[in-house]
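What follows is the content of protein13.cif (mmCIF, C-alpha atoms).
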data_upload
#
loop_
_atom_site.label_atom_id
_atom_site.label_comp_id
_atom_site.auth_asym_id
_atom_site.auth_seq_id
_atom_site.Cartn_x
_atom_site.Cartn_y
_atom_site.Cartn_z
CA MET C 1 25.71 57.84 157.89
CA THR C 2 24.95 54.13 157.60
CA GLN C 3 22.02 53.35 155.34
CA THR C 4 19.66 50.48 156.07
CA GLN C 5 18.28 48.09 153.51
CA ASP C 6 14.89 49.77 154.03
CA SER C 7 16.11 53.25 152.97
CA THR C 8 14.32 54.53 149.90
CA THR C 9 14.93 57.22 147.30
CA HIS C 10 13.37 58.62 144.16
CA PHE C 11 13.81 57.15 140.72
CA GLY C 12 11.83 59.71 138.79
CA PHE C 13 8.43 59.76 140.52
CA GLU C 14 8.83 56.16 141.68
CA THR C 15 10.02 55.36 145.21
CA VAL C 16 12.63 52.61 145.13
CA PRO C 17 15.08 51.02 147.60
CA GLU C 18 18.32 53.04 147.64
CA HIS C 19 20.40 50.03 146.65
CA GLU C 20 18.44 49.75 143.38
CA LYS C 21 18.84 53.31 142.12
CA ALA C 22 22.41 53.15 140.77
CA GLY C 23 21.58 50.09 138.69
CA ARG C 24 18.47 51.73 137.31
CA VAL C 25 20.35 54.92 136.45
CA GLN C 26 22.99 52.79 134.72
CA GLY C 27 20.21 51.20 132.69
CA VAL C 28 18.94 54.60 131.56
CA PHE C 29 22.35 55.84 130.46
CA ASN C 30 23.37 52.54 128.90
CA SER C 31 20.21 52.93 126.84
CA VAL C 32 20.75 56.55 125.79
CA ALA C 33 24.58 56.69 125.59
CA SER C 34 24.79 56.72 121.80
CA LYS C 35 22.15 59.47 121.64
CA TYR C 36 23.22 61.42 124.71
CA ASP C 37 24.26 64.62 122.96
CA ILE C 38 21.04 64.62 120.95
CA MET C 39 19.18 63.98 124.20
CA ASN C 40 20.70 67.10 125.75
CA ASP C 41 19.48 69.07 122.74
CA VAL C 42 15.99 67.69 123.27
CA MET C 43 15.96 68.26 127.03
CA SER C 44 17.24 71.85 126.81
CA MET C 45 15.82 72.87 123.42
CA GLY C 46 19.43 73.13 122.25
CA ILE C 47 20.46 75.68 124.87
CA HIS C 48 22.73 73.32 126.88
CA ARG C 49 25.73 74.44 124.81
CA ILE C 50 25.21 78.05 125.87
CA TRP C 51 24.82 76.94 129.50
CA LYS C 52 28.08 74.95 129.35
CA ASP C 53 29.87 77.96 127.88
CA ALA C 54 28.46 80.07 130.74
CA MET C 55 29.83 77.46 133.14
CA MET C 56 33.30 77.85 131.63
CA ASP C 57 33.01 81.65 131.72
CA TRP C 58 32.35 81.60 135.48
CA LEU C 59 34.88 78.84 136.11
CA ALA C 60 37.67 80.59 134.13
CA PRO C 61 40.01 77.56 133.74
CA ARG C 62 43.70 78.27 134.19
CA PRO C 63 46.70 76.54 132.60
CA GLY C 64 47.93 73.45 134.43
CA GLN C 65 44.79 72.81 136.48
CA LYS C 66 43.61 69.27 137.25
CA LEU C 67 39.88 68.73 136.68
CA LEU C 68 37.66 65.93 137.94
CA ASP C 69 34.63 65.87 135.64
CA VAL C 70 32.06 63.67 137.42
CA ALA C 71 29.20 62.22 135.38
CA GLY C 72 31.44 63.47 132.58
CA GLY C 73 30.19 60.87 130.12
CA THR C 74 30.84 62.09 126.61
CA GLY C 75 33.53 64.56 127.66
CA ASP C 76 31.65 67.74 126.78
CA ILE C 77 32.77 69.66 129.88
CA SER C 78 36.31 68.25 129.87
CA PHE C 79 36.91 69.24 126.25
CA ARG C 80 35.68 72.77 126.95
CA PHE C 81 37.80 73.00 130.09
CA LEU C 82 41.02 71.86 128.40
CA LYS C 83 40.52 74.20 125.45
CA ARG C 84 39.93 77.16 127.77
CA ALA C 85 42.85 76.24 130.06
CA GLY C 86 45.29 75.87 127.18
CA HIS C 87 46.93 72.94 128.93
CA GLY C 88 45.96 70.87 131.93
CA HIS C 89 44.50 67.48 132.78
CA SER C 90 40.97 66.11 133.11
CA THR C 91 39.76 62.88 134.65
CA VAL C 92 36.38 62.03 133.11
CA PHE C 93 34.47 59.99 135.69
CA ASP C 94 31.14 58.26 135.07
CA LEU C 95 28.95 55.49 136.44
CA THR C 96 28.41 53.90 133.03
CA GLN C 97 31.12 52.55 130.74
CA PRO C 98 29.12 53.11 127.51
CA MET C 99 29.00 56.85 128.25
CA LEU C 100 32.78 56.93 128.62
CA GLU C 101 33.17 54.97 125.39
CA GLU C 102 31.10 57.60 123.59
CA GLY C 103 33.44 60.28 124.92
CA ARG C 104 36.57 58.38 123.90
CA GLN C 105 35.28 58.11 120.33
CA ARG C 106 34.84 61.87 119.88
CA ALA C 107 37.38 63.69 117.76
CA GLU C 108 38.37 66.02 120.59
CA ALA C 109 39.39 63.01 122.69
CA GLU C 110 41.99 61.97 120.12
CA GLN C 111 43.47 65.47 120.01
CA MET C 112 43.66 65.64 123.82
CA ASP C 113 44.53 62.03 124.57
CA ASP C 114 47.56 62.87 126.73
CA SER C 115 45.43 65.20 128.87
CA LEU C 116 42.55 62.83 129.59
CA ASP C 117 41.82 59.85 131.82
CA TRP C 118 38.54 57.91 131.69
CA VAL C 119 37.42 56.27 134.95
CA THR C 120 34.26 54.33 135.86
CA GLY C 121 32.87 54.58 139.37
CA ASP C 122 30.41 55.94 141.92
CA ALA C 123 30.22 59.67 142.70
CA MET C 124 29.46 58.82 146.34
CA ALA C 125 32.72 56.87 146.76
CA LEU C 126 35.41 58.45 144.59
CA PRO C 127 38.54 56.30 144.11
CA PHE C 128 40.88 59.27 144.55
CA GLN C 129 43.01 60.55 147.42
CA ASP C 130 42.17 63.63 149.44
CA ASN C 131 43.31 67.02 148.07
CA THR C 132 43.95 65.78 144.52
CA PHE C 133 42.10 68.10 142.12
CA ASP C 134 41.94 71.84 141.47
CA VAL C 135 38.41 71.77 140.03
CA TYR C 136 35.40 69.44 140.38
CA THR C 137 32.56 69.73 137.87
CA ILE C 138 29.33 67.78 137.50
CA SER C 139 26.99 68.70 134.66
CA PHE C 140 23.42 67.33 134.51
CA GLY C 141 24.52 64.43 136.68
CA ILE C 142 24.01 65.12 140.35
CA ARG C 143 20.25 64.64 140.23
CA ASN C 144 20.91 61.01 139.20
CA VAL C 145 23.09 60.31 142.25
CA THR C 146 21.33 58.28 144.96
CA ARG C 147 22.46 60.60 147.78
CA PRO C 148 23.59 63.95 146.32
CA GLN C 149 24.85 65.21 149.68
CA GLU C 150 27.37 62.37 149.80
CA ALA C 151 28.57 63.26 146.31
CA LEU C 152 29.11 66.86 147.43
CA ASN C 153 30.97 65.65 150.53
CA GLU C 154 33.23 63.56 148.28
CA ALA C 155 33.78 66.55 146.00
CA TYR C 156 35.01 68.53 149.00
CA ARG C 157 37.31 65.70 150.08
CA VAL C 158 39.12 65.25 146.76
CA LEU C 159 39.55 68.95 146.04
CA LYS C 160 42.77 70.69 147.05
CA PRO C 161 42.53 73.64 149.44
CA GLY C 162 41.61 76.55 147.19
CA GLY C 163 39.80 74.14 144.86
CA ARG C 164 36.55 74.98 143.10
CA LEU C 165 33.24 73.10 142.82
CA MET C 166 30.86 73.85 140.00
CA VAL C 167 27.53 72.12 139.42
CA LEU C 168 25.35 72.63 136.33
CA GLU C 169 21.90 71.12 136.70
CA PHE C 170 18.33 71.54 135.57
CA SER C 171 16.46 73.51 138.24
CA GLN C 172 13.17 75.23 139.02
CA LEU C 173 11.70 78.38 137.53
CA PRO C 174 10.83 80.97 140.22
CA ASN C 175 7.58 81.88 138.43
CA ASP C 176 4.77 79.33 138.96
CA GLY C 177 3.09 80.12 135.65
CA LEU C 178 6.28 79.68 133.67
CA GLN C 179 7.07 76.48 135.60
CA LYS C 180 3.68 75.04 134.64
CA LEU C 181 4.29 75.87 130.98
CA TYR C 182 7.73 74.28 131.13
CA ASP C 183 6.27 71.19 132.83
CA LEU C 184 3.71 70.87 130.05
CA TYR C 185 6.53 70.89 127.51
CA SER C 186 8.68 68.53 129.55
CA PHE C 187 6.10 65.86 130.30
CA ASN C 188 4.24 65.96 127.01
CA VAL C 189 6.97 66.61 124.45
CA ILE C 190 10.31 65.29 125.73
CA PRO C 191 9.37 61.60 126.24
CA ARG C 192 7.67 61.52 122.83
CA MET C 193 10.76 63.03 121.23
CA GLY C 194 12.83 60.43 123.06
CA GLN C 195 10.67 57.77 121.49
CA MET C 196 11.13 59.30 118.03
CA ILE C 197 14.87 59.99 118.27
CA ALA C 198 16.16 57.11 120.40
CA ASN C 199 13.22 54.68 120.39
CA ASP C 200 13.21 55.10 124.16
CA TYR C 201 10.20 56.71 125.86
CA ASP C 202 10.80 55.44 129.40
CA SER C 203 14.34 56.77 129.84
CA TYR C 204 13.28 60.25 128.80
CA GLN C 205 10.24 60.07 131.06
CA TYR C 206 12.56 59.25 133.97
CA LEU C 207 14.86 62.17 133.12
CA VAL C 208 11.95 64.62 133.12
CA GLU C 209 10.68 63.27 136.44
CA SER C 210 14.17 63.44 137.95
CA ILE C 211 14.33 67.17 137.17
CA ARG C 212 11.08 67.85 139.02
CA ASN C 213 12.28 65.90 142.07
CA PHE C 214 15.59 67.74 142.33
CA PRO C 215 15.95 70.38 145.09
CA ASP C 216 15.39 74.01 144.12
CA GLN C 217 18.25 76.49 143.90
CA GLU C 218 18.24 77.67 147.52
CA THR C 219 17.87 74.16 148.95
CA PHE C 220 20.75 72.87 146.85
CA LEU C 221 22.85 75.89 147.84
CA GLY C 222 22.38 74.81 151.44
CA MET C 223 23.63 71.32 150.54
CA VAL C 224 26.76 72.80 148.94
CA GLN C 225 27.40 74.77 152.12
CA GLN C 226 26.72 71.73 154.31
CA ALA C 227 29.49 69.87 152.45
CA GLY C 228 31.91 72.55 153.67
CA PHE C 229 32.15 74.83 150.64
CA GLU C 230 32.54 78.55 151.25
CA ASN C 231 31.62 81.60 149.18
CA ALA C 232 28.87 79.38 147.74
CA LYS C 233 26.63 81.05 145.18
CA TYR C 234 24.35 80.20 142.28
CA ARG C 235 23.31 81.77 139.01
CA ASN C 236 20.09 81.00 137.18
CA LEU C 237 20.31 80.20 133.49
CA SER C 238 17.35 80.78 131.15
CA MET C 239 15.25 82.09 134.06
CA GLY C 240 15.97 79.02 136.19
CA ILE C 241 15.44 76.16 133.73
CA ALA C 242 19.00 75.37 134.74
CA ALA C 243 21.29 76.73 137.45
CA LEU C 244 25.02 76.91 138.13
CA HIS C 245 26.18 76.41 141.72
CA SER C 246 29.71 77.35 142.72
CA GLY C 247 31.70 76.85 145.92
CA TRP C 248 35.29 76.94 147.16
CA LYS C 249 37.26 74.65 149.47
CA ILE C 250 39.09 77.14 151.66
#
Turn the structure described in the file into structure tokens.
Amino acid sequence: MTQTQDSTTHFGFETVPEHEKAGRVQGVFNSVASKYDIMNDVMSMGIHRIWKDAMMDWLAPRPGQKLLDVAGGTGDISFRFLKRAGHGHSTVFDLTQPMLEEGRQRAEAEQMDDSLDWVTGDAMALPFQDNTFDVYTISFGIRNVTRPQEALNEAYRVLKPGGRLMVLEFSQLPNDGLQKLYDLYSFNVIPRMGQMIANDYDSYQYLVESIRNFPDQETFLGMVQQAGFENAKYRNLSMGIAALHSGWKI
């Protein structure tokens, strides 16, 4: 669908022209790149590692598979995938070059250099041919995409028939009382910790707001299905603080 110059989207709780969002998101992740892994600890109270392991458990990587790890930044998912698969290949794809540089500098990257590519670009316009990858993952990244449905459509396009989509993202708790408690933590604690750890209040404030604006589990499941994925399902993690969505290109 053609977008007009007047189309708007969310940047946190702010409404901005669509054409501005990618640049603003780049600004956030340029700012936090060197502290990104610490940031994930802050945002998830340290539980993101368990969630990523749960992602790998459900994904069950197999030897020789080709992964496209979108918003892959520091390589966390790619490293886990390659270790589980035994051997394979991962293309780490991200909007911001500083995030990819952080990934390249990690020790795992040196050990897996022959199995990794690092590519900068836009999740809504992937620079890859149709039917290229066995697996597409995006972890804590799709809520930052200007038009998530287009990213899912692109995921479907570049996956081979029989390919697997898996999305890990912060989500919504089904219990209103628990959601209110979590919101209190998120809005009052996380930006202040961002200020203390990374000297960056505003980026963390945006990240908290972006979580609250993201579609709930059932709505996002419908978007996965709309992109063409079949046998689409989701699993809540930590009661819905995060969720894993899975789908197959059949």
Enclose segment 218-233 of chain C, meaning all of its atoms listed in the file, in a box aligned along x, y and z, pad it by 8 Å on each side, and list the centre and edge lengths in Å to one decimal, as lines of an AutoDock Vina configuration file.
center_x = 25.2
center_y = 75.7
center_z = 149.7
size_x = 30.7
size_y = 27.7
size_z = 25.1
Q: Given the file shown, enumerate the residues that the PyMOL selection byres ((chain C and resi 78) around 8) captures and present them as a PyMOL selection string.
A: chain C and resi 67+69+72+75-77+79-82+90-92
Assuming the chain letters and numbering stay as they are in my file, what does the PyMOL selection byres ((chain C and resi 119) around 6) actually select? List them as an mmCIF file with C-alpha atoms, keeping the file's coordinate frame.
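The resulting expr-v2.cif:
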data_model
loop_
_atom_site.group_PDB
_atom_site.id
_atom_site.type_symbol
_atom_site.label_atom_id
_atom_site.label_comp_id
_atom_site.auth_asym_id
_atom_site.auth_seq_id
_atom_site.Cartn_x
_atom_site.Cartn_y
_atom_site.Cartn_z
ATOM 1 C CA PHE C 93 34.470 59.990 135.690
ATOM 2 C CA TRP C 118 38.540 57.910 131.690
ATOM 3 C CA THR C 120 34.260 54.330 135.860
#
Q: Tell me which residues the PyMOL selection byres ((chain C and resi 139) around 7) grabs here, as an MDAnalysis selection string.
A: chainID C and resid 71 137:138 140:141 167:169
Q: For the point (16.1, 64.0, 136.9) in the file's frame, write as number ranges by chain all residues with an atom no more than 9 Å away, counting all atoms listed in the file.
A: C: 11-12, 140-144, 170, 206-214
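Pairwise distance (atom CA of Arg106 of chain C, atom CA of Ser44 of chain C) equals 21.4 Å.
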